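Q: Questions regarding the structure given below will be posed in turn.
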Amino acid sequence: MLSSNNLNIASRSVLSSPGAIRSELPLALDAVMKVVKARAEICDILDGKDRRLMMIVGPCSIHDPEAALNYASRLKKLSDEVKDRILLIMRVYFEKPRTTVGWKGLIYDPDLNGTYNIEKGIFIARKLLLQIVDLGLPAATEMLDPILVQYIADAVAWAAIGARTTEAQTHRQLGSGLSMPVGFKNATDGNFQTALDAIATASSEHSFIGVLEDGHVGVFRTRGNPYGHIVLRGGNNAPNYGAEYIAFLKVLMRREKIRPNIVVDCSHANSGKKPENQPKVLKAVLDQIVTGERAIVGVMLESYLKTGRQNLQVGCRPAPDISVTDGCVGWEETERMIREAYERLGSEKP
C-alpha cells in the first residue's frame with residue numbers, strides 16, 4: 001500500500017508508561033521528603049537566605065550503576081562533613097546530547113553496544129536515582145528528552161538545560177513546568193543572552209503537549225518556574241568565569257530583571273575540556289567568592305572514581321570507574337578540591 005508516513009522508521013515498540021514504571025519503582029514517602037528538602041535548600045541558596053555554596057559534583061555521564069553508587073556513597077560521607085558551608089549535589093546524568101553521533105547515555109543504550117534497550121535503561125536509571133536519594137544525597141541531571149522527564153523527575157533536586165537545548169522553545173516550556181530549580185547553560189559560542197532569554201521564558205506560564213502518567217498524550221499548562229538561573233560553561237574553547245565576565249553578566253541580568261544567580265561549570269570550555277584545569281577554575285571562582293562576590297551561588301565539577309576518560313570499543317565492556325564521555329578529575333582530587341573549598345569559604349567576607 002502506498003504510504004506517505006513513517007518512511008524512515010525501521011521499527012516501533014510500546015514503552016511502559018511513566019505511571020507503570022514509577023509504580024514498580026516507587027519513591028517512598030521518606031525519599032519524597034528528602035527530595036523536597038533538598039529542593040527547598042537550593043531555593044534558599046538562590047533566594048539568598050542560605051549562604052552555603054552549591055556544588056554539583058559527579059561524572060560527566062553514568063555508565064555503570066554500581067560504580068556510580070560507590071561514588072555516591074563517598075560523596076555522601078564527604079557531604080556530611082562539609083554541609084555547614086557547602087551543599088553537595090551529585091551529577092547523575094543519563095542522557096548525553098551529541099554534536100554529531102555517539103553514545104547517547106545510559107537510558108538510551110544501557111548495554112553500551114548499540115542495542116538501544118531504552119525500557120531497560122529507564123528502569124536502571126530510576127533505580128539508581130532512588131538509591132542515591134535513599135543515601136540522603138540530592139541528585140542533579142540534565143533534562144534532554146521531554147518524554148523521559150516523566151519517568152525520573154520526581155527524584156531530582158536540581159535540573160540542567162544544556163547549552164545545545166537552552167535556545168529551544170520545547171526546553172524552555174519544559175523548564176517552566178519542572179518542580180525543581182533549573183540551571184540554563186550559556187550557548188556553546190559563549191553567548192549569555194540565550195540563557196537569559198530562557199530564564200525569562202521559563203518563568204512565564206506555558207501550555208505544551210507531553211506524556212501523561214498513563215502514557216497518553218496530553219496538554220500541560222504550567223505556572224512558570226521562578227528558580228531559573230544561569231550556568232556558565234565557557235564557549236568556543238574560551239572560558240567565561242573571570243571577574244570581568246561575572247560583572248558584565250550581572251549588569252545584563254539586572255537589566256533583564258533577573259536575579260543575578262550564577263553557577264560556574266568548572267569543566268567544558270571553562271577548563272578546555274582538560275580535567276587537570278578544573279582545580280584552577282575552582283580556585284579562581286573561590287577567589288571571587290571569598291572577596292565578596294555574592295552572585296556566584298554554585299559550581300559544577302566533572303568528577304569520578306578515577307581520573308580521565310576512556311573510549312568505548314566494540315565488543316569490550318568499559319572499565320566501570322572511568323568516564324566514557326568527557327574526562328573527569330579522580331576521587332582523591334575531588335575530595336581535596338571540596339575540602340579546600342570548605343576551608344576557603346570559612347574566610348569569606350561577610
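Order determines the names: the first chain of the C-alpha cells is A, the second B, and so forth; residues in each chain are numbered 1 upward, and ligands are numbered 1 upward as they are shown.
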What's around Leu282 of chain A at 8 Å? Count only C-alpha atoms, leave out sequence neighbours fewer than 5 positions away in its own chain, and write the answer as a PyMOL selection string.
A: chain A and resi 266+299+337
Q: Using only C-alpha atoms, determine which residues lie at most 8 Å from Leu312 of chain A, disregarding the query and same-chain residues fewer than 5 positions distant; provide the list as a list in words.
A: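 The residues satisfying every condition are Leu112, Arg317, Pro318 and Val324 of chain A.
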Q: Just to confirm, what's the straight-line distance from atom CA of Pro181 of chain A to atom CA of Tyr304 of chain A in Å (one decimal)?
A: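 Answer for the atom CA of Pro181 of chain A to atom CA of Tyr304 of chain A separation: 24.1 Å.
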Q: Expressed in Å to a single decimal, how great is the separation between atom CA of Gln193 of chain A and atom CA of Glu167 of chain A?
A: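 Between atom CA of Gln193 of chain A and atom CA of Glu167 of chain A the gap works out to 9.7 Å.
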Q: Find, counting only C-alpha atoms, the residue in A:Ile124, A:Met54, A:Leu78, A:Leu305 that gets nearest to Pro320 of chain A.
A: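 Nearest candidate to Pro320 of chain A out of A:Ile124, A:Met54, A:Leu78, A:Leu305: A:Leu305.
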Q: Which one is closest to Pro26 of chain A: A:Gln131, A:Ser204, A:Gln313, A:Asn70? Count only C-alpha atoms.
A: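 With only C-alpha atoms as the atom set, the closest residue is A:Gln131.
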Q: With distances taken over only C-alpha atoms, which residue among A:Thr188, A:Asn261, A:Thr291, A:Thr141 lies nearest Pro59 of chain A?
A: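 Checking each of A:Thr188, A:Asn261, A:Thr291, A:Thr141 against Pro59 of chain A, counting only C-alpha atoms, the winner is A:Thr141.
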Q: With only C-alpha atoms as the atoms that count, which of A:Lys120, A:Arg172, A:Lys250, A:Arg39 lies nearest to Glu293 of chain A?
A: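 Going through A:Lys120, A:Arg172, A:Lys250, A:Arg39 one by one, the smallest distance to Glu293 of chain A is for A:Lys250.
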Q: Counting only C-alpha atoms, what is within 10 Å of Ser323 of chain A, bar same-chain residues fewer than 6 positions away, as a list of chain:residue names?
A: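 That gives A:Pro59, A:Cys60, A:Ser61, A:Ile62, A:His63, A:Asp64, A:Glu302, A:Ser303, A:Tyr304, A:Leu305, A:Lys306, A:Thr307, A:Gly308, A:Arg309, A:Gln310, A:Asn311, A:Leu312, A:Val329, A:Gly330.
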Q: Which residues come within 10 Å of segment 43-48 of chain A, counting only C-alpha atoms, excluding same-chain residues fewer than 6 positions away, as a list of chain:residue names?
A: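 Neighbouring residues, sequence-local ones excluded: A:Lys37, A:Met54, A:Leu87, A:Trp158, A:Met180, A:Pro181, A:Pro226, A:Tyr227, A:Gly228, A:His229, A:Arg259, A:Pro260, A:Asn261, A:Ile262, A:Arg294, A:Ala295, A:Ile296, A:Val297, A:Gly298.
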Q: Take atom CA of Pro275 of chain A and atom CA of Asn191 of chain A and report the distance between them in Å, one decimal.
A: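 About the pair atom CA of Pro275 of chain A and atom CA of Asn191 of chain A: they are 23.2 Å apart.
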